[in-house]
Amino acid sequence: MRLDRFLSETTPLTRSLAKRALKAGEVRLNGERVKQPAVHIRPDDDLVIWQDEPLALIGKRYLMLHKPLEVECTARRGLYRRAVDLLDVPAVERLQPVGRLDVDTTGLLLMTDDGQWLHRITSPKHRHDKVYRATLAEPLEGSAATHAVAQVAEGLRLDGDDMPTHPATLTMHGPREAKLAISEGRYHQVKRMFGALGNRVTALHREAIGPLALDADLAPGEWRALTDDEIALF
Ligand code: URA
């Protein structure tokens with residue numbers, strides 16, 4: 001692997017900044033200062049040091065975060081903390097959320113730097129159900145609940161969307177406690193679906209994505225790496 005590419009994959013440096021760091025003599029290869037970006041290295045055997053830190057390639061990462069309230073799934077810094085700010089891992093800015101959650105939604109957020117794995121989960125082709133627990137502003141029970149369950153199963157027209165929602169599964173667990181499993185990921189979809197039913201979501205929590213449920217041992221704000229078996233689910 002070329003040294004400049006190795007630097008760009010193991011540090012926050014872009015390829016051109018890596019070349020600049022090399023030119024400035026900031027990089028040591030097996031103890032020797034090197035300045036040529038095209039030098040070939042063997043990442044497993046050679047020791048590359050930049051800013052007094054030995055560098056190592058980072059493999060693909062697959063993490064599960066219990067997203068708390070008031071955390072955004074954006075890359076840009078804004079009003080709230082970002083999901084990546086909760087993760088204490090190197091090159092954190094390379095991690096992307098697998099399907100965003102609103103700032104006021106809690107629950108299961110997967111983060112990865114494996115674009116193909118992310119695509120397998122989010123692509124509509126694969127239809128992985130996302131399961132949400134929603135607290136409703138208005139009670140939904142009796143025949144109104146039965147009607148809502150049927151409407152959701154059939155597909156709802158959402159304001160501004162041409163196509164009705166894909167068939168989804170609504171179950172009621174109390175007059176204001178609903179579980180909704182949807183296979184799509186439209187903008188604010190769950191809130192808009194309950195809006196289309198004449199109701200309003202006051203709290204929203206994602207419990208699962210396909211066969212993978214949020215680890216009950218993770219408190220809001222905590223995260224862990226997925227196991228190999230969990231990664232292989234998608
Ligand atoms: N649907 C919503 O309305 N919000 C979310 O955060 C996720 C799904």
# chains A, B, ... in the order shown; residues from 1 in each chain; ligands from 1

$ residues_around --residues "stretch 207-217 of chain A" --least-positions-apart "5" --cutoff "7 Å" --atoms "only C-alpha atoms" --output "VMD selection string"
chain A and resid 107 to 108 128 to 133

$ residues_near_ligand --ligand "ligand 1" --cutoff "6 Å" --atoms "only C-alpha atoms and all ligand atoms" --output "list in words"
Leu101, Asp102, Thr105, His188, Gln189, Val190 and Lys191 of chain A

$ select_by_dssp --residues "stretch 157-205 of chain A" --states "alpha helix (DSSP H)" --output "MDAnalysis selection string"
chainID A and resid 189:196

$ residues_around --residues "A:Ala148" --least-positions-apart "6" --cutoff "10 Å" --atoms "only C-alpha atoms" --output "list in words"
Leu140, Glu141, Glu154, Leu156, Leu170, Thr171, Met172, Phe194, Ala196, Leu197 and Gly198 of chain A

$ closest_residue --among "A:Lys125, A:Arg77, A:Arg206, A:Arg61" --to "A:Thr227" --atoms "only C-alpha atoms"
A:Arg61

$ closest_residue --among "A:Asp114, A:Glu32, A:Glu177, A:Glu26" --to "A:Val201" --atoms "only C-alpha atoms"
A:Glu177

$ atom_distance --atom1 "atom CA of A:Gly185" --atom2 "atom CA of A:Arg127"
9.8 Å

$ atom_distance --atom1 "atom CA of A:Trp223" --atom2 "atom CA of A:Ser123"
24.0 Å

$ select_by_dssp --residues "stretch 18-231 of chain A" --states "strand (DSSP E or B)" --output "JSON, numbers by chain"
{"A": [27, 28, 29, 32, 33, 40, 48, 49, 50, 53, 54, 62, 63, 64, 65, 66, 67, 71, 72, 81, 82, 96, 97, 105, 106, 107, 108, 109, 110, 111, 112, 130, 131, 132, 133, 134, 135, 136, 169, 170, 171, 172, 177, 178, 179, 180, 181, 182, 201, 202, 203, 204, 205, 206, 207, 208, 209, 212, 213, 223, 224, 225]}

$ atom_distance --atom1 "atom CA of A:Leu180" --atom2 "atom CA of A:Pro68"
19.7 Å

$ closest_residue --among "A:Asp52, A:Arg2, A:Arg20, A:Pro12" --to "A:Val39" --atoms "only C-alpha atoms"
A:Arg2

$ residues_around --residues "A:Ala225" --least-positions-apart "5" --cutoff "12 Å" --atoms "only C-alpha atoms" --output "list in words"
Lys60, Arg61, Tyr62, Leu63, Met64, Leu65, His66, Leu87, Asp88, Val89, Leu109, Leu110, Met111, Thr112, Asp215, Leu218, Glu230 and Ile231 of chain A

$ write_last_selection --atoms "N, CA and C atoms" --output "mmCIF file, in the first residue's frame"
data_model
loop_
_atom_site.group_PDB
_atom_site.id
_atom_site.type_symbol
_atom_site.label_atom_id
_atom_site.label_comp_id
_atom_site.auth_asym_id
_atom_site.auth_seq_id
_atom_site.Cartn_x
_atom_site.Cartn_y
_atom_site.Cartn_z
ATOM 1 N N LYS A 60 -13.237 -2.508 9.398
ATOM 2 C CA LYS A 60 -14.608 -1.976 9.367
ATOM 3 C C LYS A 60 -15.211 -2.067 10.767
ATOM 4 N N ARG A 61 -15.982 -1.052 11.122
ATOM 5 C CA ARG A 61 -16.608 -1.019 12.448
ATOM 6 C C ARG A 61 -18.130 -1.122 12.341
ATOM 7 N N TYR A 62 -18.724 -1.833 13.293
ATOM 8 C CA TYR A 62 -20.171 -2.048 13.335
ATOM 9 C C TYR A 62 -20.601 -1.856 14.789
ATOM 10 N N LEU A 63 -21.296 -0.767 15.062
ATOM 11 C CA LEU A 63 -21.618 -0.436 16.450
ATOM 12 C C LEU A 63 -23.115 -0.283 16.648
ATOM 13 N N MET A 64 -23.520 -0.553 17.883
ATOM 14 C CA MET A 64 -24.919 -0.338 18.275
ATOM 15 C C MET A 64 -24.914 0.728 19.366
ATOM 16 N N LEU A 65 -25.689 1.792 19.154
ATOM 17 C CA LEU A 65 -25.767 2.874 20.133
ATOM 18 C C LEU A 65 -27.201 2.982 20.630
ATOM 19 N N HIS A 66 -27.358 3.155 21.944
ATOM 20 C CA HIS A 66 -28.677 3.507 22.472
ATOM 21 C C HIS A 66 -28.757 5.026 22.399
ATOM 22 N N LEU A 87 -19.288 8.362 20.686
ATOM 23 C CA LEU A 87 -18.490 7.160 20.431
ATOM 24 C C LEU A 87 -17.013 7.476 20.633
ATOM 25 N N ASP A 88 -16.389 6.710 21.495
ATOM 26 C CA ASP A 88 -14.987 6.955 21.793
ATOM 27 C C ASP A 88 -14.149 5.967 20.972
ATOM 28 N N VAL A 89 -14.067 6.218 19.660
ATOM 29 C CA VAL A 89 -13.310 5.328 18.767
ATOM 30 C C VAL A 89 -12.485 6.186 17.804
ATOM 31 N N LEU A 109 -29.632 2.709 17.293
ATOM 32 C CA LEU A 109 -28.981 3.359 16.157
ATOM 33 C C LEU A 109 -27.727 2.552 15.840
ATOM 34 N N LEU A 110 -27.673 2.025 14.624
ATOM 35 C CA LEU A 110 -26.468 1.316 14.190
ATOM 36 C C LEU A 110 -25.554 2.312 13.505
ATOM 37 N N MET A 111 -24.255 2.159 13.734
ATOM 38 C CA MET A 111 -23.265 3.045 13.114
ATOM 39 C C MET A 111 -22.205 2.157 12.467
ATOM 40 N N THR A 112 -21.796 2.529 11.260
ATOM 41 C CA THR A 112 -20.784 1.725 10.577
ATOM 42 C C THR A 112 -19.988 2.571 9.591
ATOM 43 N N ASP A 215 -29.842 -3.768 22.598
ATOM 44 C CA ASP A 215 -29.378 -4.504 23.771
ATOM 45 C C ASP A 215 -29.937 -3.832 25.026
ATOM 46 N N LEU A 218 -27.792 -1.721 27.432
ATOM 47 C CA LEU A 218 -27.241 -0.410 27.068
ATOM 48 C C LEU A 218 -28.159 0.694 27.579
ATOM 49 N N GLU A 230 -24.123 -10.908 14.896
ATOM 50 C CA GLU A 230 -25.048 -9.794 14.657
ATOM 51 C C GLU A 230 -24.745 -9.122 13.312
ATOM 52 N N ILE A 231 -23.463 -8.964 13.012
ATOM 53 C CA ILE A 231 -23.092 -8.344 11.736
ATOM 54 C C ILE A 231 -23.616 -9.201 10.593
#
